[in-house]
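To be precise, the following lines are work-v4.cif, and they hold mmCIF, C-alpha atoms and all ligand atoms.
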```
data_model
loop_
_atom_site.label_atom_id
_atom_site.label_comp_id
_atom_site.auth_asym_id
_atom_site.auth_seq_id
_atom_site.Cartn_x
_atom_site.Cartn_y
_atom_site.Cartn_z
CA GLY A 1 73.87 -0.70 104.76
CA ALA A 2 75.69 1.12 101.99
CA THR A 3 76.90 -2.07 100.32
CA VAL A 4 74.78 -3.13 97.38
CA THR A 5 74.74 -6.88 96.84
CA ALA A 6 74.77 -8.56 93.43
CA THR A 7 71.19 -9.71 94.02
CA GLU A 8 70.02 -6.17 94.69
CA ARG A 9 71.81 -4.94 91.61
CA SER A 10 70.25 -7.63 89.40
CA ASN A 11 66.79 -6.45 90.54
CA LYS A 12 65.62 -4.30 87.63
CA ARG A 13 64.59 -1.58 90.07
CA SER A 14 68.06 -1.23 91.54
CA THR A 15 70.41 1.45 90.26
CA GLY A 16 73.20 0.68 92.73
CA GLY A 17 73.10 4.31 93.91
CA PHE A 18 71.28 6.75 96.16
CA VAL A 19 68.05 6.59 94.12
CA ASP A 20 67.50 3.10 95.54
CA GLU A 21 67.28 4.67 98.98
CA MET A 22 64.99 7.45 97.79
CA ARG A 23 62.65 4.89 96.22
CA ALA A 24 62.67 2.60 99.27
CA VAL A 25 61.66 5.46 101.56
CA ALA A 26 58.98 6.64 99.10
CA MET A 27 57.46 3.17 98.69
CA LYS A 28 57.07 2.77 102.47
CA MET A 29 55.29 6.14 102.57
CA HIS A 30 52.41 4.74 100.43
CA THR A 31 49.27 3.48 102.08
CA LYS A 32 48.60 -0.25 101.78
CA ASP A 33 45.81 0.28 99.26
CA GLN A 34 48.15 2.31 97.02
CA SER A 35 50.98 -0.20 96.77
CA LYS A 36 51.82 -3.56 98.24
CA GLU A 37 55.12 -2.00 99.31
CA GLY A 38 53.17 0.64 101.29
CA GLU A 39 53.32 0.66 105.08
CA LYS A 40 50.92 3.50 106.01
CA LYS A 41 47.33 3.03 107.09
CA THR A 42 44.69 4.21 104.65
CA GLU A 43 42.82 7.30 105.78
CA GLY A 44 39.63 8.33 104.05
CA THR A 45 38.52 6.67 100.82
CA PRO A 46 40.94 3.98 99.56
CA TRP A 47 42.05 5.04 96.13
CA PRO A 48 40.46 2.16 94.18
CA LYS A 49 37.10 3.53 95.39
CA TRP A 50 37.69 7.13 94.30
CA GLU A 51 34.76 8.65 92.40
CA PRO A 52 36.31 11.43 90.34
CA THR A 53 34.41 14.33 88.79
CA ILE A 54 35.49 16.46 85.82
CA ASP A 55 35.49 19.56 88.03
CA GLY A 56 37.72 17.86 90.58
CA TYR A 57 40.02 16.46 87.94
CA LEU A 58 40.38 19.92 86.35
CA LYS A 59 41.37 21.34 89.74
CA PHE A 60 43.99 18.61 90.02
CA LEU A 61 45.36 19.33 86.52
CA VAL A 62 45.48 23.11 87.12
CA ASP A 63 47.29 22.75 90.45
CA SER A 64 49.66 20.17 88.95
CA LYS A 65 50.50 22.60 86.14
CA HIS A 66 51.15 25.35 88.68
CA VAL A 67 53.63 23.08 90.49
CA TYR A 68 55.36 21.85 87.32
CA ASP A 69 55.72 25.47 86.14
CA THR A 70 57.41 26.22 89.45
CA PHE A 71 59.82 23.30 89.04
CA ASP A 72 60.72 24.52 85.52
CA LYS A 73 61.36 28.03 86.84
CA ILE A 74 63.52 26.82 89.71
CA LEU A 75 65.57 24.54 87.47
CA ASP A 76 66.06 27.30 84.88
CA HIS A 77 67.19 29.70 87.53
CA ALA A 78 69.50 27.07 89.14
CA ASN A 79 70.39 28.67 92.47
CA PHE A 80 72.60 25.63 92.98
CA PRO A 81 74.64 24.35 90.02
CA GLU A 82 73.39 20.76 90.44
CA TYR A 83 69.84 21.88 89.52
CA ALA A 84 71.00 22.46 85.97
CA GLU A 85 71.43 18.65 85.61
CA PHE A 86 67.67 18.30 85.85
CA ARG A 87 66.73 20.71 83.07
CA ASN A 88 65.30 19.30 79.83
CA THR A 89 65.14 15.73 81.04
CA GLY A 90 62.07 15.02 78.95
CA LEU A 91 60.04 14.53 82.15
CA GLU A 92 58.76 18.15 82.08
CA ARG A 93 54.94 18.26 82.26
CA ALA A 94 53.87 21.91 82.10
CA GLY A 95 53.73 22.11 78.27
CA ASN A 96 51.63 18.96 77.95
CA LEU A 97 49.30 20.15 80.70
CA THR A 98 48.79 23.42 78.81
CA LYS A 99 47.58 21.36 75.83
CA ASP A 100 45.23 19.33 78.01
CA LEU A 101 43.71 22.41 79.60
CA ALA A 102 43.18 23.91 76.13
CA TRP A 103 41.35 20.72 75.14
CA PHE A 104 39.04 20.91 78.17
CA LYS A 105 38.32 24.52 77.31
CA GLU A 106 37.39 23.59 73.73
CA GLU A 107 35.08 20.97 75.19
CA GLY A 108 33.24 23.79 76.97
CA HIS A 109 34.68 23.47 80.47
CA SER A 110 35.86 26.54 82.34
CA ILE A 111 39.38 26.28 83.67
CA PRO A 112 39.66 27.08 87.38
CA GLU A 113 42.38 29.13 89.08
CA PRO A 114 44.99 27.25 91.13
CA LEU A 115 43.92 26.45 94.70
CA SER A 116 45.87 26.32 97.93
CA PRO A 117 47.25 22.77 97.50
CA GLY A 118 49.15 23.79 94.35
CA ILE A 119 49.89 27.35 95.46
CA ASP A 120 51.20 26.33 98.89
CA TYR A 121 53.35 23.56 97.46
CA SER A 122 54.84 25.91 94.83
CA LEU A 123 55.71 28.50 97.48
CA TYR A 124 57.21 25.81 99.65
CA ILE A 125 59.54 24.34 96.99
CA GLU A 126 60.49 27.80 95.75
CA GLU A 127 61.72 28.84 99.21
CA LEU A 128 63.34 25.46 99.83
CA SER A 129 65.19 25.52 96.52
CA LYS A 130 67.04 28.70 97.53
CA LYS A 131 68.59 27.24 100.66
CA ASP A 132 68.33 23.46 100.76
CA PRO A 133 69.33 21.56 97.59
CA GLN A 134 69.10 18.08 99.19
CA ALA A 135 65.53 18.66 100.34
CA PHE A 136 64.57 20.33 97.06
CA ILE A 137 65.92 17.42 95.01
CA CYS A 138 63.83 15.05 97.14
CA HIS A 139 60.72 16.93 95.97
CA PHE A 140 61.92 16.88 92.38
CA TYR A 141 62.37 13.09 92.48
CA ASN A 142 59.11 12.30 94.22
CA THR A 143 56.90 14.63 92.20
CA TYR A 144 58.20 13.58 88.78
CA PHE A 145 58.54 9.86 89.50
CA ALA A 146 55.21 9.58 91.33
CA HIS A 147 53.51 10.91 88.24
CA THR A 148 55.06 8.23 86.00
CA ALA A 149 54.04 5.44 88.44
CA GLY A 150 50.86 5.80 90.51
CA GLY A 151 49.98 8.99 88.64
CA ARG A 152 49.61 7.12 85.36
CA MET A 153 47.44 4.43 86.94
CA ILE A 154 45.22 7.13 88.40
CA GLY A 155 45.04 8.90 85.04
CA ARG A 156 43.95 5.72 83.26
CA LYS A 157 41.32 4.98 85.85
CA VAL A 158 39.91 8.51 85.93
CA SER A 159 39.82 8.63 82.16
CA ALA A 160 37.93 5.35 81.93
CA LYS A 161 35.38 6.66 84.42
CA ILE A 162 34.77 10.23 83.23
CA LEU A 163 36.58 10.93 79.92
CA ASN A 164 35.56 7.96 77.76
CA GLY A 165 39.11 6.67 78.00
CA LYS A 166 40.72 9.72 76.40
CA GLU A 167 44.47 9.70 77.04
CA LEU A 168 45.65 13.15 78.10
CA GLU A 169 49.00 14.65 77.04
CA PHE A 170 49.91 14.74 80.76
CA TYR A 171 50.46 10.97 80.45
CA LYS A 172 52.52 11.05 77.24
CA TRP A 173 56.25 11.53 76.97
CA ASP A 174 58.41 12.16 73.92
CA GLY A 175 60.65 9.15 73.63
CA ASP A 176 60.98 6.04 75.72
CA LEU A 177 59.80 6.74 79.28
CA PRO A 178 61.83 3.97 80.99
CA GLN A 179 64.97 5.38 79.32
CA LEU A 180 64.13 8.98 80.33
CA LEU A 181 63.61 7.82 83.91
CA GLN A 182 66.86 5.89 83.87
CA ASN A 183 68.76 8.97 82.65
CA VAL A 184 67.35 10.99 85.54
CA ARG A 185 68.13 8.21 88.06
CA ASP A 186 71.74 8.26 86.81
CA LYS A 187 71.90 12.04 87.30
CA LEU A 188 70.41 11.82 90.78
CA ASN A 189 72.96 9.15 91.71
CA LYS A 190 75.75 11.30 90.33
CA VAL A 191 74.68 14.45 92.19
CA ALA A 192 74.20 12.54 95.46
CA GLN A 193 77.70 11.09 95.25
CA ASP A 194 78.98 14.46 96.48
CA TRP A 195 76.66 14.47 99.52
CA THR A 196 77.68 13.47 103.03
CA ARG A 197 75.69 10.78 104.83
CA ASP A 198 73.96 13.52 106.83
CA GLU A 199 72.97 15.34 103.65
CA LYS A 200 71.63 12.10 102.17
CA ASN A 201 69.59 11.44 105.30
CA HIS A 202 68.29 14.99 105.19
CA CYS A 203 67.13 14.42 101.61
CA LEU A 204 65.38 11.15 102.57
CA GLU A 205 63.68 12.82 105.55
CA GLU A 206 62.01 15.31 103.23
CA THR A 207 60.07 12.48 101.53
CA GLU A 208 57.26 12.74 104.05
CA LYS A 209 56.61 16.40 103.17
CA SER A 210 56.60 15.57 99.50
CA PHE A 211 53.94 12.93 100.11
CA LYS A 212 51.87 15.32 102.21
CA PHE A 213 51.81 18.07 99.57
CA ASN A 214 51.44 15.76 96.59
CA SER A 215 48.63 13.81 98.28
CA GLU A 216 46.72 17.03 98.87
CA ILE A 217 47.02 17.87 95.19
CA LEU A 218 45.89 14.34 94.20
CA HIS A 219 42.88 14.61 96.46
CA LEU A 220 41.63 17.59 94.44
CA ILE A 221 40.42 14.87 92.04
CA LEU A 222 37.71 14.21 94.61
CA ALA A 223 36.95 17.89 95.31
C1 LIG A 301 55.72 4.24 92.90
C2 LIG A 301 50.92 3.91 93.46
C3 LIG A 301 50.81 8.33 95.41
C4 LIG A 301 55.65 8.61 94.95
C5 LIG A 301 54.44 3.76 92.96
C6 LIG A 301 54.05 2.41 92.58
C7 LIG A 301 52.72 2.31 92.74
C8 LIG A 301 52.24 3.59 93.21
C9 LIG A 301 51.84 1.09 92.45
C10 LIG A 301 55.02 1.32 92.10
C11 LIG A 301 55.15 1.37 90.62
C12 LIG A 301 56.14 0.34 90.12
O1 LIG A 301 57.10 0.01 90.80
O2 LIG A 301 55.93 -0.13 89.01
C13 LIG A 301 50.47 5.11 93.98
C14 LIG A 301 49.07 5.45 94.19
C15 LIG A 301 49.05 6.68 94.75
C16 LIG A 301 50.43 7.12 94.87
C17 LIG A 301 47.91 4.54 93.82
C18 LIG A 301 47.88 7.55 95.17
C19 LIG A 301 46.61 7.22 95.07
C20 LIG A 301 52.13 8.78 95.51
C21 LIG A 301 52.54 10.03 96.10
C22 LIG A 301 53.89 10.11 95.97
C23 LIG A 301 54.34 8.89 95.30
C24 LIG A 301 51.60 11.07 96.73
C25 LIG A 301 54.82 11.21 96.42
C26 LIG A 301 54.95 12.31 95.75
C27 LIG A 301 56.07 7.48 94.30
C28 LIG A 301 57.45 7.23 93.91
C29 LIG A 301 57.48 5.97 93.31
C30 LIG A 301 56.11 5.47 93.37
C31 LIG A 301 58.63 8.16 94.10
C32 LIG A 301 58.70 5.24 92.71
C33 LIG A 301 58.67 5.32 91.20
C34 LIG A 301 59.85 4.62 90.54
O3 LIG A 301 60.46 3.74 91.13
O4 LIG A 301 60.15 4.96 89.41
N1 LIG A 301 53.32 4.44 93.35
N2 LIG A 301 51.25 6.14 94.40
N3 LIG A 301 53.24 8.12 95.05
N4 LIG A 301 55.29 6.42 93.96
FE1 LIG A 301 53.30 6.28 94.23
#
```
Please, can you express the file's structure as structure tokens?
Amino acid sequence: GATVTATERSNKRSTGGFVDEMRAVAMKMHTKDQSKEGEKKTEGTPWPKWEPTIDGYLKFLVDSKHVYDTFDKILDHANFPEYAEFRNTGLERAGNLTKDLAWFKEEGHSIPEPLSPGIDYSLYIEELSKKDPQAFICHFYNTYFAHTAGGRMIGRKVSAKILNGKELEFYKWDGDLPQLLQNVRDKLNKVAQDWTRDEKNHCLEETEKSFKFNSEILHLILA
């Protein structure tokens, strides 16, 4: 229901707003090996057993940068005024990824071109952003927040296995990450206050697509 109880609010995860619903839907979309809140069956290799390669990881970083560049462009352009709320949140990743790719290059690796997972996702959100702000904002939330949660765990694990534990810039934020995330949750709650129940449901229903595209990009790590 729409009523948030005192117990739910005292849970540190609860914001008392629409983000709680976005997170609940996203957590159920995980496979059971990814999160204990996950409800989907694992297909293929469970993530704790992933064997990353540098080539695969570079593909993942390049496609991620392509997608984060697209988000920056969409938010700058702001076809819908609410997009402007999500500019310069401190969660931007494209600049840090540029530094990481430069580092790999210095180390003697050649940097690949973006592949279809990143290209297709970028085209998809670009088109969506022009006509469907609720669905677009679902992708914004899932992509940026996934990276700060599971994405960081994956980064640590991959680094321990193939990069001697080097911490990439992709996993560093200027300032206090929990506070940056909270600021964005507040903005999401504020923007969603103007949405009808149907528009909110439409936003939540887009979560599945966000998982599909983002999972394909993550799986480049194994390519
Ligand atoms: C949160 C793991 C893929 C979206 C989480 C959490 C875990 C996790 C453990 C909970 C973190 C916490 O509450 O402290 C993973 C793993 C993945 C994966 C291991 C893949 C191997 C994805 C994908 C998406 C996604 C593909 C969709 C784009 C999210 C979101 C949250 C989350 C939106 C909520 C973050 C928040 O509350 O701030 N993930 N995840 N995850 N994940 Fe994933």
re atom CA of A:His202 and atom CA of A:Ala24: distance 14.8 Å
Kindly provide, as a ChimeraX atom specification, all nucleotide and amino acid residues lying within 10 Å of ligand LIG 301 (chain A), counting all atoms listed in the file.
-> /A:13-14,19-20,22-38,45-48,50,138-154,178,181-182,185,207-219
Around the point (58.5, 11.4, 81.2), in the coordinates given by the file, pick out the residues reaching within 10 Å, counting all atoms listed in the file, and return them as a short mmCIF file (atom, residue, chain, number, x, y, z; two decimals) with C-alpha atoms, in the frame of the given file.
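What landed in selection39.cif:
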```
data_model
loop_
_atom_site.label_atom_id
_atom_site.label_comp_id
_atom_site.auth_asym_id
_atom_site.auth_seq_id
_atom_site.Cartn_x
_atom_site.Cartn_y
_atom_site.Cartn_z
CA THR A 89 65.14 15.73 81.04
CA GLY A 90 62.07 15.02 78.95
CA LEU A 91 60.04 14.53 82.15
CA GLU A 92 58.76 18.15 82.08
CA ARG A 93 54.94 18.26 82.26
CA TYR A 144 58.20 13.58 88.78
CA PHE A 145 58.54 9.86 89.50
CA HIS A 147 53.51 10.91 88.24
CA THR A 148 55.06 8.23 86.00
CA PHE A 170 49.91 14.74 80.76
CA TYR A 171 50.46 10.97 80.45
CA LYS A 172 52.52 11.05 77.24
CA TRP A 173 56.25 11.53 76.97
CA ASP A 174 58.41 12.16 73.92
CA GLY A 175 60.65 9.15 73.63
CA ASP A 176 60.98 6.04 75.72
CA LEU A 177 59.80 6.74 79.28
CA PRO A 178 61.83 3.97 80.99
CA GLN A 179 64.97 5.38 79.32
CA LEU A 180 64.13 8.98 80.33
CA LEU A 181 63.61 7.82 83.91
CA VAL A 184 67.35 10.99 85.54
#
```
Which one is closest to A:Thr196: A:Gly44, A:Glu107, A:Gln134, A:Asp69? Count only C-alpha atoms.
-> A:Gln134
Selection near stretch 55-62 of chain A, 10 Å with only C-alpha atoms, sequence-local residues under 6 positions removed, as a count of residues only | 29
Between A:Ser129, A:Arg156, A:Glu21, A:Lys65, smallest distance to A:Pro81 by all atoms listed in the file belongs to A:Ser129
Find the distance between atom CA of A:Glu199 and atom CA of A:Glu127 and write it in Å to one decimal.
->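 Computing the Euclidean distance for atom CA of A:Glu199 and atom CA of A:Glu127 yields 18.1 Å.
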Separation of atom CA of A:Leu188 from atom CA of A:Phe86 in Å =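 We find that atom CA of A:Phe86 and atom CA of A:Leu188 lie 8.6 Å from each other.
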Distance criterion (all atoms listed in the file): nearest to A:Ala78 out of A:Lys99, A:Lys130, A:Lys157, A:Lys187 | A:Lys130
Taking into account only C-alpha atoms, which residue in the set A:Glu39, A:Asp132, A:Asp194, A:Glu167 is nearest to A:Glu206?
->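 Closest to A:Glu206, using only C-alpha atoms: A:Asp132.
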Closest to A:Asn183 among A:Glu85, A:Gly108, A:Thr53, A:Arg197, using only C-alpha atoms?
->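 Ranking A:Glu85, A:Gly108, A:Thr53, A:Arg197 by distance to A:Asn183, first place goes to A:Glu85.
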Nearest residue to A:Asn189 from the set A:Gly95, A:Pro133, A:Gly16, A:Gly165 (distances using all atoms listed in the file) |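 Between A:Gly95, A:Pro133, A:Gly16, A:Gly165, the residue approaching A:Asn189 most closely is A:Gly16.
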